[in-house]
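Structure file entry_11.txt (compact mmCIF, C-alpha atoms) is printed below.
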# COMPACT_ATOMS: atom_id res chain seq x y z
CA MET C 1 106.22 72.31 106.21
CA HIS C 2 106.23 74.32 109.41
CA ILE C 3 103.57 76.88 110.36
CA ALA C 4 104.34 79.29 113.18
CA TRP C 5 101.65 79.87 115.80
CA TYR C 6 101.07 83.51 114.82
CA GLU C 7 100.49 82.51 111.19
CA TYR C 8 97.17 80.95 112.19
CA PHE C 9 95.92 84.46 113.01
CA GLN C 10 96.93 85.57 109.51
CA ILE C 11 95.21 82.59 107.92
CA ILE C 12 92.06 83.21 109.96
CA SER C 13 92.14 86.88 108.95
CA LEU C 14 92.23 85.90 105.27
CA ILE C 15 89.36 83.44 105.72
CA VAL C 16 87.26 86.06 107.53
CA ALA C 17 88.01 88.64 104.81
CA ILE C 18 86.91 86.24 102.07
CA TYR C 19 83.79 85.20 103.99
CA PHE C 20 82.74 88.82 104.60
CA TRP C 21 83.89 90.13 101.21
CA LYS C 22 80.61 91.96 100.60
CA GLY C 23 81.14 93.96 103.79
CA LEU C 24 84.72 94.75 102.78
CA LYS C 25 83.49 95.90 99.39
CA ALA C 26 80.91 98.17 101.03
CA CYS C 27 83.71 99.70 103.13
CA SER C 28 86.11 100.00 100.15
CA LEU C 29 88.46 97.49 101.78
CA LEU C 30 88.26 94.63 99.29
CA ALA C 31 91.99 95.03 98.53
CA PHE C 32 92.65 93.43 101.91
CA ILE C 33 92.02 90.02 100.33
CA PRO C 34 94.95 90.07 97.85
CA PHE C 35 97.08 91.78 100.52
CA LEU C 36 96.40 88.95 102.98
CA VAL C 37 97.12 86.35 100.30
CA ILE C 38 100.55 87.95 99.86
CA VAL C 39 101.08 88.04 103.63
CA ASN C 40 100.23 84.36 104.07
CA LEU C 41 102.36 83.19 101.14
CA THR C 42 105.29 85.29 102.34
CA GLU C 43 105.14 83.99 105.90
CA LEU C 44 104.74 80.39 104.78
CA ILE C 45 107.71 80.58 102.42
CA GLY C 46 109.76 82.77 104.73
CA ILE C 47 109.56 80.50 107.72
CA ASN C 48 110.30 77.39 105.63
CA TYR C 49 113.12 78.89 103.58
CA ARG C 50 115.59 76.17 104.59
CA ALA C 51 113.35 73.58 102.90
CA PHE C 52 114.16 75.33 99.62
CA GLY C 53 117.90 75.12 100.29
CA TRP C 54 118.20 78.86 100.97
CA THR C 55 120.59 80.31 103.55
CA SER C 56 118.41 83.37 104.23
CA ASN C 57 114.81 84.51 103.82
CA TYR C 58 115.68 88.18 103.33
CA ARG C 59 114.91 88.02 99.60
CA VAL C 60 111.39 86.75 100.38
CA TYR C 61 110.61 89.67 102.68
CA ASN C 62 112.22 92.17 100.33
CA ILE C 63 109.91 90.99 97.54
CA TYR C 64 107.02 91.11 100.02
CA MET C 65 107.64 94.82 100.56
CA LEU C 66 107.51 95.41 96.81
CA ALA C 67 104.31 93.39 96.37
CA SER C 68 102.34 94.43 99.45
CA THR C 69 103.10 98.15 99.75
CA PRO C 70 100.90 99.25 96.80
CA PHE C 71 97.93 97.49 98.44
CA LEU C 72 98.68 99.15 101.79
CA PHE C 73 98.88 102.58 100.16
CA TYR C 74 95.69 101.94 98.19
CA LEU C 75 93.82 100.91 101.35
CA ALA C 76 95.16 103.89 103.29
CA GLY C 77 93.98 106.21 100.52
CA LYS C 78 90.49 104.72 100.68
CA MET C 79 90.31 105.37 104.43
CA LEU C 80 91.60 108.94 104.26
CA PHE C 81 88.49 110.46 102.59
CA LEU C 82 90.68 112.34 100.09
CA THR C 83 89.44 115.19 97.94
CA LYS C 84 90.44 115.22 94.25
CA LYS C 85 93.40 117.54 94.85
CA GLU C 86 94.49 115.56 97.90
CA ALA C 87 94.22 112.33 95.92
CA ILE C 88 96.63 113.68 93.29
CA VAL C 89 99.18 114.69 95.92
CA TYR C 90 98.71 111.36 97.68
CA LEU C 91 99.31 109.45 94.43
CA ILE C 92 102.49 111.40 93.75
CA VAL C 93 103.83 110.83 97.27
CA CYS C 94 103.06 107.09 97.18
CA SER C 95 104.56 106.74 93.70
CA LEU C 96 107.79 108.41 94.81
CA CYS C 97 107.90 106.14 97.84
CA MET C 98 107.50 103.05 95.66
CA LEU C 99 110.24 104.26 93.31
CA LEU C 100 112.60 104.57 96.30
CA VAL C 101 111.66 101.07 97.49
CA ILE C 102 112.29 99.64 94.02
CA ALA C 103 115.60 101.53 93.71
CA ASN C 104 116.74 100.24 97.10
CA PHE C 105 115.85 96.68 96.09
CA ALA C 106 117.59 96.94 92.73
CA PHE C 107 120.62 99.14 93.39
CA VAL C 108 121.30 99.99 97.05
CA GLN C 109 120.75 97.25 99.64
CA GLY C 110 119.98 94.72 96.93
CA THR C 111 117.97 91.53 96.84
CA THR C 112 119.84 89.41 99.40
CA GLN C 113 120.39 91.99 102.14
CA PHE C 114 117.37 92.88 104.25
CA ASN C 115 115.95 96.14 102.87
CA SER C 116 115.78 98.00 106.17
CA TYR C 117 115.78 101.41 104.43
CA SER C 118 112.62 100.45 102.55
CA LEU C 119 110.99 99.15 105.70
CA GLU C 120 111.74 102.36 107.57
CA LEU C 121 110.28 104.46 104.74
CA ILE C 122 107.13 102.32 104.43
CA ASP C 123 106.56 102.29 108.19
CA ILE C 124 106.94 106.07 108.43
CA MET C 125 104.45 106.55 105.59
CA LEU C 126 101.93 104.16 107.16
CA ILE C 127 102.31 105.77 110.58
CA VAL C 128 101.55 109.17 109.04
CA PHE C 129 98.62 107.86 106.98
CA SER C 130 97.13 105.95 109.92
CA GLY C 131 97.45 108.96 112.21
CA LEU C 132 95.78 111.21 109.62
CA CYS C 133 92.94 108.73 109.15
CA LEU C 134 92.28 108.56 112.89
CA VAL C 135 92.20 112.36 113.05
CA ARG C 136 89.85 112.59 110.07
CA LEU C 137 87.50 110.03 111.58
CA THR C 138 86.84 112.42 114.45
CA ILE C 139 86.69 115.54 112.26
CA PHE C 140 84.53 114.34 109.37
CA ASP C 141 82.00 112.30 111.33
CA GLN C 142 79.38 114.82 112.42
CA LYS C 143 77.42 112.36 114.52
CA GLU C 144 78.73 110.71 117.66
CA LEU C 145 81.28 108.13 116.57
CA ASN C 146 81.37 104.74 118.27
CA PHE C 147 84.99 103.77 117.76
CA MET C 148 84.37 100.22 118.94
CA LYS C 149 82.13 99.64 115.91
CA GLU C 150 84.21 101.53 113.34
CA PRO C 151 86.38 99.27 111.10
CA TYR C 152 88.59 102.15 109.98
CA PHE C 153 89.43 102.98 113.60
CA TRP C 154 90.53 99.44 114.37
CA ILE C 155 92.52 98.99 111.18
CA ASN C 156 94.38 102.28 111.48
CA SER C 157 95.03 101.89 115.20
CA LEU C 158 96.53 98.47 114.51
CA ASN C 159 98.57 99.79 111.59
CA LEU C 160 99.86 102.61 113.78
CA LEU C 161 100.84 100.16 116.52
CA PHE C 162 102.49 97.75 114.09
CA GLY C 163 104.31 100.52 112.24
CA LEU C 164 105.77 102.04 115.40
CA ILE C 165 106.98 98.70 116.75
CA THR C 166 108.47 97.40 113.50
CA LEU C 167 110.09 100.78 112.80
CA VAL C 168 111.99 100.51 116.06
CA ILE C 169 112.76 96.78 116.07
CA LEU C 170 113.30 95.72 112.46
CA SER C 171 115.15 98.87 111.44
CA LEU C 172 117.61 98.04 114.25
CA GLN C 173 117.81 94.39 113.25
CA SER C 174 121.56 94.42 112.54
CA TYR C 175 122.28 96.23 115.82
CA ILE C 176 120.16 93.71 117.74
CA LEU C 177 121.97 90.77 116.15
CA VAL C 178 125.46 92.19 116.69
CA ASN C 179 124.79 93.09 120.33
CA GLN C 180 122.74 89.93 120.98
CA ILE C 181 119.85 91.78 122.62
CA LYS C 182 117.49 89.08 123.85
CA ILE C 183 114.31 88.44 125.83
CA ALA C 184 113.90 84.96 127.33
CA ASN C 185 116.91 83.75 125.30
CA LYS C 186 115.30 84.96 122.07
CA SER C 187 116.39 87.82 119.84
CA LEU C 188 114.34 90.94 120.56
CA TYR C 189 112.48 90.95 117.25
CA VAL C 190 111.87 87.18 117.42
CA ALA C 191 110.40 87.56 120.91
CA ILE C 192 108.13 90.54 120.20
CA LEU C 193 107.03 90.51 116.54
CA PRO C 194 105.07 87.22 116.57
CA ALA C 195 102.86 88.50 119.40
CA VAL C 196 102.39 91.83 117.62
CA ASN C 197 101.45 89.99 114.42
CA ALA C 198 98.87 87.93 116.29
CA ILE C 199 97.29 91.06 117.80
CA VAL C 200 97.20 92.92 114.49
CA TYR C 201 95.64 90.13 112.43
CA ALA C 202 93.16 89.22 115.16
CA GLY C 203 92.16 92.89 115.14
CA TYR C 204 91.83 92.86 111.36
CA SER C 205 89.43 89.92 111.65
CA TYR C 206 87.30 91.87 114.09
CA ALA C 207 87.31 94.89 111.76
CA PHE C 208 86.20 92.70 108.84
CA ILE C 209 83.28 91.42 110.91
CA LEU C 210 82.32 95.04 111.64
CA CYS C 211 82.39 95.68 107.88
CA ARG C 212 79.63 93.11 107.47
CA THR C 213 77.30 95.10 109.73
CA LYS C 214 78.06 98.30 107.81
CA GLY C 215 77.45 96.55 104.50
CA THR C 216 73.97 95.44 105.56
CA ARG C 217 72.76 98.87 106.65
Write out the structure in this file as structure tokens.
Amino acid sequence: MHIAWYEYFQIISLIVAIYFWKGLKACSLLAFIPFLVIVNLTELIGINYRAFGWTSNYRVYNIYMLASTPFLFYLAGKMLFLTKKEAIVYLIVCSLCMLLVIANFAFVQGTTQFNSYSLELIDIMLIVFSGLCLVRLTIFDQKELNFMKEPYFWINSLNLLFGLITLVILSLQSYILVNQIKIANKSLYVAILPAVNAIVYAGYSYAFILCRTKGTR
């Protein structure tokens, strides 16, 4: 069983989230725990897919998008400070997005081809939600906001970074493979995404620690 170096950051992030679960609950971020469980299982299975006799791990990551996206949308909604009317619109938009992801998985790109259409849609939605949350943090907080100590700032900044990078790289996966675009003899997405993953999940861990301090106030 092989574990990639960046997966250790994901494992640590899950451990930190579980350890500081009271802080996450106080910040309405407890859904990060099941989300990180899905992330870790997906990465562990995805990187060891040959041990199962599979020729591709696309199905694993396609199922990951189906399983993880509701948690991401739920968490984004919690950080957006939605009014009742906004929450209804948000629920409708997210539900339509999930229906498109399910339809793509079942009828369009299918289970064995990488669902790049779904990824593009999810990334666009998360980029928009993260950007809105960062804007609302500055608008709704009447006192001086210390971004360095604000979990929502870190989480949404990381989501924005990750969404922008994956939108560009993974949505162009087929083009990158066909044209053999490489960095240091590695495919572009293989060279860049592990480092981005490490940064994102290390940042999540820091945000979870900040949640602890908010939960004890």
Spatial neighbours of stretch 191-206 of chain C, 6 Å, all atoms listed in the file, chain gap at least 4 places, as a list of chain:residue names: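 Residues meeting the cut-off are C:Tyr6, C:Phe9, C:Gln10, C:Ser13, C:Leu158, C:Lys186.
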Point-to-point distance in Å for atom CA of C:Thr55 and atom CA of C:Phe71: 28.9 Å
12 Å contact set for C:Ala26, all atoms listed in the file, chain neighbours under 2 positions out, as a short mmCIF file (atom, residue, chain, number, x, y, z; two decimals) with C-alpha atoms, keeping the file's coordinate frame:
data_model
loop_
_atom_site.label_atom_id
_atom_site.label_comp_id
_atom_site.auth_asym_id
_atom_site.auth_seq_id
_atom_site.Cartn_x
_atom_site.Cartn_y
_atom_site.Cartn_z
CA PHE C 20 82.74 88.82 104.60
CA TRP C 21 83.89 90.13 101.21
CA LYS C 22 80.61 91.96 100.60
CA GLY C 23 81.14 93.96 103.79
CA LEU C 24 84.72 94.75 102.78
CA SER C 28 86.11 100.00 100.15
CA LEU C 29 88.46 97.49 101.78
CA LEU C 30 88.26 94.63 99.29
CA ALA C 31 91.99 95.03 98.53
CA LYS C 78 90.49 104.72 100.68
CA PRO C 151 86.38 99.27 111.10
CA PHE C 208 86.20 92.70 108.84
CA LEU C 210 82.32 95.04 111.64
CA CYS C 211 82.39 95.68 107.88
CA ARG C 212 79.63 93.11 107.47
CA THR C 213 77.30 95.10 109.73
CA LYS C 214 78.06 98.30 107.81
CA GLY C 215 77.45 96.55 104.50
CA THR C 216 73.97 95.44 105.56
CA ARG C 217 72.76 98.87 106.65
#
Proximity to C:Val16 - best of C:Ile33, C:Met98, C:Ile92, C:Met1, all atoms listed in the file: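 Using all atoms listed in the file, the shortest distance to C:Val16 belongs to C:Ile33.
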Top pick for closest residue to C:Pro34, considering C:Asn62, C:Thr138, C:Thr69, C:Thr111 and counting all atoms listed in the file: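 Smallest distance to C:Pro34 is found for C:Thr69.
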Among the residues C:Leu91, C:Val168, C:Asn40, C:Phe35, the one that comes closest to C:Asp123 [using all atoms listed in the file]: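 That would be C:Val168, the residue with the smallest distance to C:Asp123.
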Pick from C:Leu36, C:Lys85, C:Tyr90, C:Ile122, whichever lies nearest to C:Met65 using only C-alpha atoms: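 Of C:Leu36, C:Lys85, C:Tyr90, C:Ile122, the one nearest C:Met65 is C:Ile122, counting only C-alpha atoms.
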C:Leu75, C:Leu170, C:Ala106, C:Met148 ranked by distance to C:Leu126, top pick (using all atoms listed in the file):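 Ranked by minimum distance to C:Leu126, first place goes to C:Leu75.
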Atomic separation - atom CA of C:Tyr8 relative to atom CA of C:Gly46, Å: 14.7 Å
Within 12 Å of C:Phe147 using only C-alpha atoms, minus same-chain residues under 6 positions, as number ranges by chain: C: 134, 137-138, 141, 153-157, 207, 210
Polymer residues at most 10 Å from (117.5, 103.3, 107.9) by all atoms listed in the file, as a VMD selection string: chain C and resid 115 to 121 167 170 to 172
Distance of atom CA of C:Leu160 from atom CA of C:Val128, expressed in Å to one decimal place: 8.3 Å
Pick from C:Tyr61, C:Trp5, C:Tyr74, C:Trp54, whichever lies nearest to C:Phe32 using all atoms listed in the file: C:Tyr74
Residue neighbourhood C:Glu43, 9 Å, all atoms listed in the file, exclusion window fewer than 2 positions, as a list in words: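 Listed by chain and then number, they are Ile3, Ala4, Glu7, Ile38, Val39, Asn40, Leu41, Ile45, Gly46, Ile47, Asn48, Val60 and Tyr61 of chain C.
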